[in-house]
file run.cif (mmCIF, C-alpha atoms)
data_data
#
loop_
_atom_site.label_atom_id
_atom_site.label_comp_id
_atom_site.auth_asym_id
_atom_site.auth_seq_id
_atom_site.Cartn_x
_atom_site.Cartn_y
_atom_site.Cartn_z
CA MET K 1 -24.98 62.01 10.11
CA ASP K 2 -24.81 65.77 9.69
CA GLU K 3 -27.24 66.65 6.86
CA THR K 4 -24.99 69.53 5.76
CA ARG K 5 -22.22 67.14 4.88
CA GLY K 6 -24.14 65.36 2.14
CA ARG K 7 -23.56 61.77 1.14
CA PRO K 8 -20.33 60.29 2.54
CA GLY K 9 -17.53 59.54 0.10
CA TRP K 10 -16.58 56.14 -1.31
CA LEU K 11 -13.86 55.42 1.24
CA GLU K 12 -15.98 56.55 4.19
CA ARG K 13 -18.88 54.39 3.01
CA SER K 14 -16.61 51.38 2.66
CA VAL K 15 -15.25 51.85 6.17
CA GLU K 16 -18.78 52.27 7.52
CA ASN K 17 -19.90 49.06 5.78
CA LEU K 18 -16.95 47.12 7.17
CA VAL K 19 -17.50 48.42 10.70
CA THR K 20 -21.23 47.67 10.49
CA VAL K 21 -20.56 44.07 9.43
CA VAL K 22 -17.86 43.52 12.07
CA ALA K 23 -20.09 44.91 14.85
CA SER K 24 -23.38 43.48 13.58
CA VAL K 25 -23.93 41.65 16.89
CA LEU K 26 -24.39 45.00 18.64
CA PRO K 27 -28.04 46.21 18.80
CA ALA K 28 -27.17 49.70 17.57
CA MET K 29 -25.44 48.31 14.50
CA ARG K 30 -28.44 46.22 13.48
CA ARG K 31 -30.27 49.43 12.56
CA ARG K 32 -27.32 51.10 10.88
CA GLU K 33 -27.55 51.58 7.13
CA LEU K 34 -25.42 49.44 4.81
CA HIS K 35 -24.44 51.36 1.70
CA GLY K 36 -25.44 49.44 -1.42
CA GLY K 37 -24.22 51.45 -4.40
CA VAL K 38 -22.23 50.10 -7.34
CA SER K 39 -18.90 51.44 -6.03
CA ASP K 40 -19.69 49.96 -2.61
CA ALA K 41 -20.28 46.54 -4.18
CA LEU K 42 -17.13 46.71 -6.29
CA THR K 43 -15.04 47.67 -3.26
CA ALA K 44 -16.45 44.75 -1.28
CA PHE K 45 -15.78 42.34 -4.17
CA LEU K 46 -12.20 43.58 -4.48
CA ALA K 47 -11.64 43.15 -0.74
CA TYR K 48 -13.03 39.62 -0.90
CA VAL K 49 -10.91 38.57 -3.88
CA VAL K 50 -7.74 40.00 -2.32
CA ALA K 51 -8.49 38.23 0.97
CA ALA K 52 -9.14 34.97 -0.88
CA MET K 53 -5.90 35.15 -2.86
CA VAL K 54 -3.80 36.04 0.19
CA GLY K 55 -5.38 33.14 2.05
CA ALA K 56 -4.73 30.75 -0.83
CA ARG K 57 -1.11 31.83 -1.04
CA MET K 58 -0.62 31.42 2.71
CA LEU K 59 -2.20 27.96 2.80
CA TYR K 60 -1.31 26.42 -0.55
CA GLY K 61 1.61 28.41 -1.88
CA ALA K 62 -0.27 29.60 -4.96
CA GLY K 63 2.13 31.57 -7.01
CA PHE K 64 0.11 33.18 -9.69
CA LEU K 65 -3.05 35.30 -9.69
CA ASP K 66 -4.68 34.14 -12.92
CA PHE K 67 -8.00 35.11 -14.47
CA ALA K 68 -9.64 31.74 -13.81
CA THR K 69 -8.85 31.88 -10.09
CA VAL K 70 -10.18 35.40 -9.69
CA THR K 71 -13.40 34.66 -11.54
CA GLY K 72 -13.81 31.50 -9.49
CA TYR K 73 -13.76 33.45 -6.24
CA ALA K 74 -15.96 36.21 -7.65
CA GLY K 75 -18.39 33.61 -9.01
CA LEU K 76 -18.75 31.96 -5.61
CA ALA K 77 -19.49 35.33 -3.99
CA THR K 78 -22.05 36.16 -6.66
CA LEU K 79 -23.87 32.84 -6.29
CA SER K 80 -23.89 32.98 -2.50
CA VAL K 81 -25.29 36.52 -2.43
CA ALA K 82 -27.82 35.78 -5.20
CA PHE K 83 -29.12 32.68 -3.41
CA THR K 84 -29.50 34.67 -0.18
CA ILE K 85 -31.32 37.63 -1.75
CA PHE K 86 -33.64 35.29 -3.63
CA ALA K 87 -34.46 33.45 -0.39
CA LEU K 88 -35.19 36.74 1.39
CA MET K 89 -37.45 37.84 -1.47
CA LEU K 90 -39.39 34.60 -1.16
CA LEU K 91 -39.68 35.19 2.58
CA ARG K 92 -40.98 38.71 1.79
CA ARG K 93 -38.42 40.40 3.97
CA GLY K 94 -38.54 44.19 3.59
CA ASN K 95 -34.88 44.83 4.33
CA ASP K 96 -32.61 46.96 2.17
CA LEU K 97 -31.51 44.07 -0.02
CA ARG K 98 -28.88 46.04 -1.94
CA GLY K 99 -27.12 47.12 1.23
CA LEU K 100 -27.43 43.64 2.68
CA ALA K 101 -25.88 42.15 -0.47
CA VAL K 102 -22.84 44.42 -0.11
CA GLY K 103 -22.63 43.57 3.57
CA LEU K 104 -22.59 39.87 2.75
CA VAL K 105 -19.62 40.31 0.43
CA TRP K 106 -17.76 42.14 3.20
CA ALA K 107 -18.72 39.27 5.50
CA MET K 108 -17.21 36.82 3.00
CA ALA K 109 -13.96 38.81 3.02
CA LEU K 110 -13.86 38.70 6.82
CA GLY K 111 -14.77 35.01 6.82
CA THR K 112 -11.95 34.24 4.39
CA VAL K 113 -9.40 35.95 6.63
CA LEU K 114 -10.77 34.14 9.67
CA ALA K 115 -10.79 30.75 7.93
CA ALA K 116 -7.23 31.16 6.64
CA ALA K 117 -5.97 32.08 10.12
CA VAL K 118 -7.80 29.21 11.83
CA TYR K 119 -6.91 26.63 9.19
CA HIS K 120 -3.26 27.68 9.16
CA THR K 121 -2.90 27.19 12.93
CA ALA K 122 -5.14 24.12 13.36
CA ASP K 123 -4.15 20.46 13.25
CA VAL K 124 -6.05 19.49 10.10
CA ASP K 125 -6.47 15.83 9.26
CA GLY K 126 -9.18 14.89 6.80
CA PHE K 127 -12.47 16.22 5.47
CA GLY K 128 -14.07 16.77 8.89
CA ASP K 129 -11.27 19.04 10.05
CA TRP K 130 -11.44 20.94 6.78
CA ILE K 131 -15.14 21.66 7.39
CA LEU K 132 -14.55 22.55 11.04
CA PHE K 133 -11.48 24.75 10.61
CA GLY K 134 -11.92 26.01 7.05
CA VAL K 135 -15.52 26.06 5.82
CA LEU K 136 -17.36 27.00 9.02
CA PRO K 137 -15.16 30.00 9.93
CA ALA K 138 -15.51 31.24 6.35
CA PHE K 139 -19.32 31.40 6.64
CA LEU K 140 -19.54 32.54 10.27
CA PRO K 141 -19.48 36.36 9.73
CA ALA K 142 -22.21 36.12 7.07
CA ALA K 143 -24.38 33.98 9.34
CA VAL K 144 -23.99 36.46 12.20
CA LEU K 145 -24.85 39.36 9.88
CA LEU K 146 -27.98 37.65 8.55
CA LEU K 147 -29.23 36.61 11.98
CA ALA K 148 -28.71 40.14 13.27
CA ARG K 149 -30.34 41.91 10.30
CA VAL K 150 -33.33 39.74 9.38
CA GLY K 151 -34.17 37.85 12.56
CA PRO K 152 -33.71 34.27 13.80
CA LEU K 153 -36.00 32.26 11.51
CA ALA K 154 -35.38 34.20 8.30
CA GLY K 155 -31.72 34.48 9.24
CA VAL K 156 -31.32 30.69 9.50
CA LEU K 157 -33.07 30.12 6.16
CA ALA K 158 -31.09 32.87 4.48
CA THR K 159 -27.85 31.46 5.89
CA LEU K 160 -28.68 28.03 4.46
CA ALA K 161 -29.22 29.68 1.08
CA PHE K 162 -25.95 31.60 1.44
CA VAL K 163 -23.83 28.51 2.17
CA THR K 164 -25.42 26.33 -0.55
CA PRO K 165 -22.96 27.17 -3.38
CA GLY K 166 -19.89 26.73 -1.20
CA MET K 167 -21.15 23.54 0.46
CA TYR K 168 -22.06 22.08 -2.92
CA GLY K 169 -18.48 22.55 -4.07
CA ALA K 170 -17.11 21.10 -0.82
CA LEU K 171 -19.34 18.03 -1.02
CA GLU K 172 -18.54 17.52 -4.69
CA HIS K 173 -14.84 17.59 -3.84
CA ALA K 174 -15.34 15.16 -0.96
CA VAL K 175 -17.41 12.70 -3.01
CA ALA K 176 -14.79 12.77 -5.77
CA GLY K 177 -12.16 11.96 -3.15
CA TRP K 178 -14.20 9.11 -1.66
CA LEU K 179 -14.74 7.56 -5.09
CA ALA K 180 -11.15 7.97 -6.22
CA ASP K 181 -8.78 5.06 -6.54
CA PRO K 182 -6.95 4.47 -3.22
CA GLU K 183 -3.52 4.66 -4.88
CA GLU K 184 -4.46 7.96 -6.51
CA GLN K 185 -5.68 9.30 -3.17
CA ALA K 186 -2.42 8.30 -1.52
CA ALA K 187 -0.44 10.05 -4.23
CA TYR K 188 -2.19 13.33 -3.45
CA GLY K 189 -2.10 13.03 0.32
CA PRO K 190 -0.61 15.68 2.62
CA VAL K 191 3.10 16.33 2.11
CA ASP K 192 5.26 15.28 5.07
CA PRO K 193 8.06 17.87 5.37
CA GLU K 194 10.31 15.57 7.40
CA ALA K 195 10.08 12.80 4.80
CA VAL K 196 10.75 15.23 1.97
CA TYR K 197 13.72 16.90 3.67
CA ALA K 198 15.24 13.57 4.65
CA VAL K 199 15.80 12.45 1.07
CA GLN K 200 17.06 15.71 -0.44
CA ARG K 201 20.79 15.03 -0.10
CA ASP K 202 20.53 11.54 -1.60
CA LEU K 203 18.31 12.75 -4.45
CA LEU K 204 20.74 15.53 -5.32
CA GLU K 205 23.89 13.46 -5.06
CA GLY K 206 22.27 10.69 -7.08
CA GLN K 207 22.10 13.04 -10.06
CA ALA K 208 25.45 14.74 -9.52
CA SER K 209 27.84 12.01 -10.57
CA PHE K 210 29.49 14.28 -13.11
CA ALA K 211 32.75 12.93 -14.48
CA PRO K 212 35.39 15.57 -15.29
CA GLY K 213 35.13 16.49 -18.94
CA ASP K 214 37.61 17.09 -21.72
CA PRO K 215 39.29 20.49 -21.08
CA GLU K 216 39.75 20.93 -24.84
CA ARG K 217 36.09 20.37 -25.64
CA VAL K 218 33.01 22.53 -24.90
CA GLU K 219 30.54 20.29 -23.07
CA MET K 220 27.03 21.11 -21.94
CA PHE K 221 25.91 20.71 -18.34
CA ALA K 222 22.26 21.26 -17.44
CA VAL K 223 20.30 22.16 -14.32
CA LEU K 224 16.53 22.13 -14.84
CA GLY K 225 13.85 23.20 -12.36
CA ALA K 226 10.04 22.96 -12.18
CA GLY K 227 8.69 25.29 -9.51
CA TYR K 228 4.90 25.12 -9.25
CA PRO K 229 3.88 21.75 -7.73
CA TYR K 230 0.12 21.78 -8.34
CA GLU K 231 0.03 21.70 -12.15
CA GLY K 232 1.82 18.83 -13.90
CA VAL K 233 2.85 20.73 -17.01
CA PHE K 234 5.99 22.13 -15.38
CA ALA K 235 7.27 18.75 -14.16
CA ARG K 236 6.55 17.25 -17.58
CA GLU K 237 8.50 20.05 -19.26
CA VAL K 238 11.55 19.46 -17.08
CA ARG K 239 11.52 15.71 -17.72
CA ALA K 240 11.15 16.18 -21.47
CA VAL K 241 13.77 18.94 -21.70
CA GLY K 242 16.16 16.75 -19.73
CA ASP K 243 15.71 13.93 -22.23
CA LEU K 244 16.18 16.34 -25.16
CA ILE K 245 19.39 17.81 -23.78
CA ALA K 246 20.81 14.44 -22.78
CA THR K 247 20.23 12.79 -26.16
CA GLU K 248 19.99 15.48 -28.84
CA MET K 249 22.26 18.15 -27.35
CA GLY K 250 25.06 15.87 -26.20
CA ALA K 251 24.81 16.42 -22.45
CA GLY K 252 24.47 12.72 -21.65
CA ASP K 253 24.35 12.20 -17.89
CA ARG K 254 25.40 15.78 -17.13
CA VAL K 255 21.77 16.77 -16.38
CA MET K 256 20.20 17.54 -12.99
CA ARG K 257 16.43 17.88 -12.53
CA LEU K 258 14.80 19.72 -9.61
CA ILE K 259 11.03 19.22 -9.49
CA ASN K 260 8.31 20.36 -7.10
CA ASP K 261 5.45 17.90 -7.55
CA ASP K 262 2.67 17.38 -5.01
CA ALA K 263 1.83 14.01 -6.58
CA ALA K 264 5.39 12.69 -6.17
CA PRO K 265 7.23 14.96 -3.71
CA THR K 266 10.18 12.60 -3.13
CA ASP K 267 10.90 11.47 -6.70
CA PHE K 268 13.19 14.43 -7.44
CA PRO K 269 15.04 17.03 -5.41
CA LEU K 270 12.97 20.09 -4.57
CA MET K 271 13.34 23.20 -6.68
CA ASN K 272 14.21 25.75 -3.98
CA ARG K 273 17.03 28.17 -3.25
CA THR K 274 19.11 25.66 -1.32
CA ASN K 275 18.91 22.89 -3.89
CA LEU K 276 19.48 25.27 -6.78
CA ARG K 277 22.69 26.47 -5.12
CA ARG K 278 23.83 22.90 -4.47
CA ALA K 279 22.96 21.70 -7.97
CA LEU K 280 24.84 24.57 -9.57
CA ALA K 281 27.76 23.95 -7.21
CA PHE K 282 27.93 20.32 -8.35
CA ALA K 283 27.89 21.47 -11.97
CA GLY K 284 30.46 24.18 -11.33
CA GLU K 285 32.89 21.70 -9.74
CA ALA K 286 32.74 19.45 -12.81
CA MET K 287 32.82 22.20 -15.45
CA ASP K 288 36.01 23.69 -16.76
CA GLY K 289 36.47 27.16 -18.19
CA VAL K 290 35.26 26.29 -21.69
CA ASP K 291 32.08 24.39 -20.78
CA LEU K 292 28.53 25.64 -21.13
CA LEU K 293 25.71 25.53 -18.57
CA PHE K 294 22.09 25.23 -19.65
CA LEU K 295 19.83 26.48 -16.83
CA PHE K 296 16.08 26.08 -17.37
CA LEU K 297 13.45 27.17 -14.82
CA THR K 298 9.73 26.78 -15.55
CA SER K 299 6.80 27.77 -13.34
CA HIS K 300 4.14 30.39 -12.79
CA GLY K 301 5.55 33.85 -12.30
CA ARG K 302 5.02 37.38 -11.13
CA PRO K 303 7.22 40.47 -11.52
CA GLY K 304 10.54 39.71 -9.86
CA ALA K 305 9.81 36.08 -8.94
CA ILE K 306 8.86 32.66 -10.22
CA SER K 307 6.80 30.37 -8.06
CA ALA K 308 8.62 27.74 -6.02
CA SER K 309 6.20 27.72 -3.08
CA PHE K 310 5.20 24.21 -2.01
CA TYR K 311 3.41 24.38 1.32
CA PRO K 312 4.54 23.37 3.88
CA VAL K 313 8.02 22.40 2.64
CA ILE K 314 8.82 25.58 0.63
CA THR K 315 7.36 28.94 1.61
CA ARG K 316 9.34 31.34 -0.59
CA ASP K 317 9.43 31.93 -4.31
CA LEU K 318 12.62 32.16 -6.36
CA ARG K 319 13.90 35.65 -7.16
CA PRO K 320 16.38 36.87 -9.75
CA GLU K 321 18.97 37.67 -7.09
CA ASP K 322 18.70 34.08 -5.79
CA VAL K 323 19.58 32.68 -9.21
CA SER K 324 22.36 35.21 -9.76
CA ALA K 325 23.92 34.51 -6.37
CA ALA K 326 23.80 30.75 -6.94
CA LEU K 327 25.57 31.09 -10.30
CA ASP K 328 28.23 33.35 -8.81
CA GLU K 329 28.83 31.06 -5.83
CA ALA K 330 29.25 28.10 -8.19
CA GLY K 331 31.78 30.02 -10.27
CA ILE K 332 29.88 29.30 -13.48
CA GLY K 333 30.69 31.55 -16.39
CA ASN K 334 29.31 30.50 -19.78
CA ALA K 335 25.57 29.89 -19.59
CA VAL K 336 22.36 29.71 -21.56
CA ILE K 337 19.63 30.67 -19.08
CA VAL K 338 15.99 30.00 -19.95
CA ILE K 339 13.19 31.30 -17.70
CA SER K 340 9.72 30.14 -18.78
CA ALA K 341 7.07 31.93 -16.73
CA CYS K 342 4.80 34.93 -16.77
CA TYR K 343 6.76 38.16 -16.26
CA SER K 344 10.00 36.19 -16.74
CA GLY K 345 11.56 39.17 -18.50
CA SER K 346 11.94 40.68 -15.05
CA PHE K 347 14.89 38.29 -14.53
CA VAL K 348 16.91 39.70 -17.41
CA GLU K 349 18.48 42.73 -15.75
CA GLU K 350 19.83 40.74 -12.78
CA LEU K 351 21.12 37.78 -14.82
CA ALA K 352 22.47 39.40 -17.98
CA ALA K 353 26.24 39.16 -18.45
CA PRO K 354 28.69 39.13 -21.39
CA ASN K 355 29.05 35.33 -21.24
CA ARG K 356 25.33 34.54 -20.97
CA LEU K 357 22.44 34.06 -23.36
CA ILE K 358 19.15 34.85 -21.60
CA LEU K 359 15.86 33.58 -23.03
CA THR K 360 12.51 34.29 -21.38
CA ALA K 361 8.95 33.30 -22.25
CA ALA K 362 7.58 36.81 -21.74
CA ARG K 363 8.43 40.44 -21.30
CA ALA K 364 8.92 41.83 -17.79
CA ASP K 365 5.36 43.16 -17.72
CA ARG K 366 3.56 40.48 -19.76
CA VAL K 367 2.09 37.05 -19.08
CA SER K 368 2.80 33.89 -21.07
CA PHE K 369 0.26 31.18 -21.84
CA GLY K 370 -0.38 27.45 -21.84
CA CYS K 371 -0.12 26.58 -18.13
CA SER K 372 -2.48 23.69 -17.41
CA ASP K 373 -2.44 20.56 -15.31
CA THR K 374 -3.27 18.48 -18.38
CA ALA K 375 -0.96 20.18 -20.90
CA GLU K 376 2.27 18.56 -22.02
CA TRP K 377 3.97 21.90 -22.68
CA THR K 378 3.44 25.58 -22.04
CA ASP K 379 3.01 27.60 -25.23
CA TRP K 380 6.55 28.96 -25.23
CA GLY K 381 8.00 25.63 -24.13
CA ARG K 382 6.39 23.84 -27.05
CA ALA K 383 7.49 26.51 -29.52
CA PHE K 384 11.13 26.42 -28.38
CA PHE K 385 11.82 22.87 -27.22
CA VAL K 386 9.52 20.92 -29.55
CA GLU K 387 9.31 22.96 -32.73
CA ALA K 388 12.39 25.16 -32.90
CA TRP K 389 15.42 23.80 -31.06
CA PRO K 390 15.40 20.24 -32.47
CA MET K 391 15.47 21.75 -35.97
CA GLU K 392 17.82 24.68 -35.28
CA ARG K 393 20.34 23.50 -32.72
CA ASP K 394 21.75 26.97 -32.31
CA PRO K 395 19.67 28.24 -29.34
CA ARG K 396 19.94 31.81 -30.64
CA VAL K 397 18.31 30.87 -33.96
CA ALA K 398 15.78 28.61 -32.23
CA ALA K 399 14.80 31.41 -29.84
CA HIS K 400 14.01 33.78 -32.70
CA LEU K 401 11.99 31.08 -34.42
CA ALA K 402 10.09 30.41 -31.17
CA GLN K 403 9.40 34.14 -30.89
CA GLU K 404 7.75 34.08 -34.31
CA ILE K 405 5.72 30.94 -33.54
CA VAL K 406 4.43 32.33 -30.25
CA ALA K 407 3.59 35.74 -31.72
CA GLU K 408 1.64 34.20 -34.59
CA ARG K 409 -0.40 31.92 -32.33
CA GLU K 410 -1.16 34.64 -29.80
CA ALA K 411 -2.33 36.91 -32.60
CA GLU K 412 -4.62 34.16 -33.92
CA ARG K 413 -6.15 33.76 -30.45
CA LYS K 414 -6.36 37.54 -29.96
CA LEU K 415 -4.18 37.38 -26.83
CA GLU K 416 -1.97 40.18 -25.59
CA ALA K 417 1.49 39.45 -26.98
CA SER K 418 3.81 37.89 -24.40
CA GLU K 419 6.91 39.09 -26.32
CA PRO K 420 9.56 36.50 -25.35
CA GLN K 421 12.95 38.09 -24.70
CA ILE K 422 16.36 37.23 -26.18
CA VAL K 423 19.39 38.91 -24.59
CA GLU K 424 22.79 37.79 -25.90
CA GLY K 425 25.98 38.78 -24.13
CA ALA K 426 28.90 39.89 -26.27
CA GLU K 427 31.12 36.92 -25.30
CA ILE K 428 28.71 33.97 -25.35
CA GLY K 429 28.43 33.60 -29.15
CA PRO K 430 31.86 32.00 -29.75
CA VAL K 431 31.25 29.56 -26.86
CA ILE K 432 27.94 28.46 -28.37
CA ASP K 433 29.60 28.12 -31.79
CA ARG K 434 32.32 25.84 -30.36
CA TRP K 435 29.69 23.77 -28.55
CA LEU K 436 27.64 23.42 -31.75
CA ALA K 437 30.75 22.11 -33.52
CA THR K 438 30.85 19.19 -31.07
CA LEU K 439 27.38 18.05 -32.20
CA ASP K 440 28.40 17.49 -35.82
#
call {"tool": "encode", "arguments": {"input": "run.cif", "output": "structure tokens"}}
result
Amino acid sequence: MDETRGRPGWLERSVENLVTVVASVLPAMRRRELHGGVSDALTAFLAYVVAAMVGARMLYGAGFLDFATVTGYAGLATLSVAFTIFALMLLRRGNDLRGLAVGLVWAMALGTVLAAAVYHTADVDGFGDWILFGVLPAFLPAAVLLLARVGPLAGVLATLAFVTPGMYGALEHAVAGWLADPEEQAAYGPVDPEAVYAVQRDLLEGQASFAPGDPERVEMFAVLGAGYPYEGVFAREVRAVGDLIATEMGAGDRVMRLINDDAAPTDFPLMNRTNLRRALAFAGEAMDGVDLLFLFLTSHGRPGAISASFYPVITRDLRPEDVSAALDEAGIGNAVIVISACYSGSFVEELAAPNRLILTAARADRVSFGCSDTAEWTDWGRAFFVEAWPMERDPRVAAHLAQEIVAEREAERKLEASEPQIVEGAEIGPVIDRWLATLD
């Protein structure tokens, strides 16, 4: 390096670190300096977390980048690097340990990309294939870097230290699977796309036996969807809301449920663009001009989308324009539309219309809370469907009450306010009033 240039900048150092790690098998690169400053480490960590989240989304359809997931990936990287550096200190290796630590994080980022690519294209069947096509490629760049930088014997020992945290988690997962009840294991087995697709028409038509209603009476029809298949709270919400609307809100059998559920992928129709269009078309054919649609979608979310990804059967999330197009194609006018997800306010602009009431669990740039595999309701779902709507059957009044409940609880927990949205079209009020009169 030209001494007159001074220390290279942050971006140049990051590129040099990445190139050094990638080409660590070359003799010249084994002597090249790895930059080990704080900004170098943070850049490597960011690259690793981004690679891990992109890989998770590609393989598993994860729809939401939450704090727990990010800290989980960052925690694994920290433990792996700490174990390795401690092992090298015990071996009294005189290498630049700070630079090597940063290099190992870059190696984890590269390994994650490699593992995702290999695993995505491989024929994976069981724990052995997962180790072969997923775990081993993930650790390969780090092993090559260690062997090249610290020598064969120390490199092998340091690699064993590096893989210990990840292998512990893999073995713990495997042992839990081996000890699990066989029926439970079967329920969470790989999803067969052909089997799932084969039953979609029957599942949809089985719920769509809508009898023509009374043209002089405002009747409620409902289409409900749970998008994220890997946490049971969304499926439980849809089932419970369906029961509430059928019994307490007078919809009876005019309710359709679309549920993505990895534990029971063929119990309900999938919640995807195609099924949403078909479900709304069924409702639209049975509705007359005075009827009211209740559309409820619950899932994880991001700006401009709610998660519907269910690998390998669904690979695309649901966007506001998808919902709007499905409503228009079905010819549905009067509607109460409820979107319960983080950033769900981003759906308002596309869906708002004079004959619609739009309720969302959060502002366009805010998250909502309460998503958990063990929870019965999300925070907003509980506030609206459990505490507010059964008492105040007018959804406009119930929505304002739910806003107050959520705001109070978030303030108590010192959370950033989600700010649920209520957008009422100028023409929907009289329709809701006439529907409420039918409940008396």
call {"tool": "residues_around", "arguments": {"input": "run.cif", "residues": "region 15-19 of chain K", "least_positions_apart": "5", "cutoff": "9 Å", "atoms": "all atoms listed in the file", "output": "PyMOL selection string"}}
result
chain K and resi 10+24+29+33-35+40+44+99+102-103+106-107+110
call {"tool": "write_last_selection", "arguments": {"input": "run.cif", "atoms": "C-alpha atoms", "output": "PDB file, in the coordinates of the input"}}
result
ATOM      1  CA  TRP K  10     -16.580  56.140  -1.310  1.00  0.00           C
ATOM      2  CA  SER K  24     -23.380  43.480  13.580  1.00  0.00           C
ATOM      3  CA  MET K  29     -25.440  48.310  14.500  1.00  0.00           C
ATOM      4  CA  GLU K  33     -27.550  51.580   7.130  1.00  0.00           C
ATOM      5  CA  LEU K  34     -25.420  49.440   4.810  1.00  0.00           C
ATOM      6  CA  HIS K  35     -24.440  51.360   1.700  1.00  0.00           C
ATOM      7  CA  ASP K  40     -19.690  49.960  -2.610  1.00  0.00           C
ATOM      8  CA  ALA K  44     -16.450  44.750  -1.280  1.00  0.00           C
ATOM      9  CA  GLY K  99     -27.120  47.120   1.230  1.00  0.00           C
ATOM     10  CA  VAL K 102     -22.840  44.420  -0.110  1.00  0.00           C
ATOM     11  CA  GLY K 103     -22.630  43.570   3.570  1.00  0.00           C
ATOM     12  CA  TRP K 106     -17.760  42.140   3.200  1.00  0.00           C
ATOM     13  CA  ALA K 107     -18.720  39.270   5.500  1.00  0.00           C
ATOM     14  CA  LEU K 110     -13.860  38.700   6.820  1.00  0.00           C
TER      15      LEU K 110
END
call {"tool": "resolve_selection", "arguments": {"input": "run.cif", "expression": "the PyMOL selection byres ((chain K and resi 259-266) around 10)", "output": "PyMOL selection string"}}
result
chain K and resi 184-193+195-200+203+224-232+234-236+238-239+256-258+267-272+297-299+308-311+313-314
call {"tool": "resolve_selection", "arguments": {"input": "run.cif", "expression": "the PyMOL selection byres ((chain K and resi 345-359) around 9)", "output": "number ranges by chain"}}
result
K: 302-305, 319-321, 323-324, 333-344, 360-366, 395-396, 399, 420-429, 431
call {"tool": "residues_near_point", "arguments": {"input": "run.cif", "point": "(31.5, 19.9, -9.9)", "cutoff": "9 Å", "atoms": "all atoms listed in the file", "output": "PyMOL selection string"}}
result
chain K and resi 208-212+279-287+330
call {"tool": "write_last_selection", "arguments": {"input": "run.cif", "atoms": "C-alpha atoms", "output": "PDB file, in the coordinates of the input"}}
result
ATOM      1  CA  ALA K 208      25.450  14.740  -9.520  1.00  0.00           C
ATOM      2  CA  SER K 209      27.840  12.010 -10.570  1.00  0.00           C
ATOM      3  CA  PHE K 210      29.490  14.280 -13.110  1.00  0.00           C
ATOM      4  CA  ALA K 211      32.750  12.930 -14.480  1.00  0.00           C
ATOM      5  CA  PRO K 212      35.390  15.570 -15.290  1.00  0.00           C
ATOM      6  CA  ALA K 279      22.960  21.700  -7.970  1.00  0.00           C
ATOM      7  CA  LEU K 280      24.840  24.570  -9.570  1.00  0.00           C
ATOM      8  CA  ALA K 281      27.760  23.950  -7.210  1.00  0.00           C
ATOM      9  CA  PHE K 282      27.930  20.320  -8.350  1.00  0.00           C
ATOM     10  CA  ALA K 283      27.890  21.470 -11.970  1.00  0.00           C
ATOM     11  CA  GLY K 284      30.460  24.180 -11.330  1.00  0.00           C
ATOM     12  CA  GLU K 285      32.890  21.700  -9.740  1.00  0.00           C
ATOM     13  CA  ALA K 286      32.740  19.450 -12.810  1.00  0.00           C
ATOM     14  CA  MET K 287      32.820  22.200 -15.450  1.00  0.00           C
ATOM     15  CA  ALA K 330      29.250  28.100  -8.190  1.00  0.00           C
TER      16      ALA K 330
END
call {"tool": "residues_around", "arguments": {"input": "run.cif", "residues": "Leu157 (chain K)", "least_positions_apart": "5", "cutoff": "9 Å", "atoms": "all atoms listed in the file", "output": "number ranges by chain"}}
result
K: 84, 87-88, 152, 162
call {"tool": "atom_distance", "arguments": {"input": "run.cif", "atom1": "CA of Thr112 (chain K)", "atom2": "CA of Ala142 (chain K)"}}
result
10.8 Å
call {"tool": "atom_distance", "arguments": {"input": "run.cif", "atom1": "CA of Thr315 (chain K)", "atom2": "CA of Tyr119 (chain K)"}}
result
16.3 Å
call {"tool": "atom_distance", "arguments": {"input": "run.cif", "atom1": "CA of Ala325 (chain K)", "atom2": "CA of Asp202 (chain K)"}}
result
23.7 Å
call {"tool": "closest_residue", "arguments": {"input": "run.cif", "among": "K:Ala115, K:Val25, K:Leu42, K:Ala375", "to": "Val54 (chain K)", "atoms": "all atoms listed in the file"}}
result
K:Ala115
call {"tool": "resolve_selection", "arguments": {"input": "run.cif", "expression": "the PyMOL selection byres ((chain K and resi 253) around 10)", "output": "PyMOL selection string"}}
result
chain K and resi 207-211+221-222+242-243+245-247+250-252+254-256
call {"tool": "closest_residue", "arguments": {"input": "run.cif", "among": "K:Gly166, K:Val386, K:Val290, K:Asp394", "to": "Leu76 (chain K)", "atoms": "all atoms listed in the file"}}
result
K:Gly166
call {"tool": "closest_residue", "arguments": {"input": "run.cif", "among": "K:Ala77, K:Leu295, K:Ala388, K:Val233", "to": "Ser372 (chain K)", "atoms": "all atoms listed in the file"}}
result
K:Val233
call {"tool": "closest_residue", "arguments": {"input": "run.cif", "among": "K:Val223, K:Met249, K:Leu46, K:Ala122", "to": "Asp440 (chain K)", "atoms": "only C-alpha atoms"}}
result
K:Met249
call {"tool": "closest_residue", "arguments": {"input": "run.cif", "among": "K:Arg278, K:Arg316, K:Arg217, K:Arg382", "to": "Asp433 (chain K)", "atoms": "all atoms listed in the file"}}
result
K:Arg217
call {"tool": "closest_residue", "arguments": {"input": "run.cif", "among": "K:Leu244, K:Leu26, K:Val118, K:Val397", "to": "Pro137 (chain K)", "atoms": "only C-alpha atoms"}}
result
K:Val118
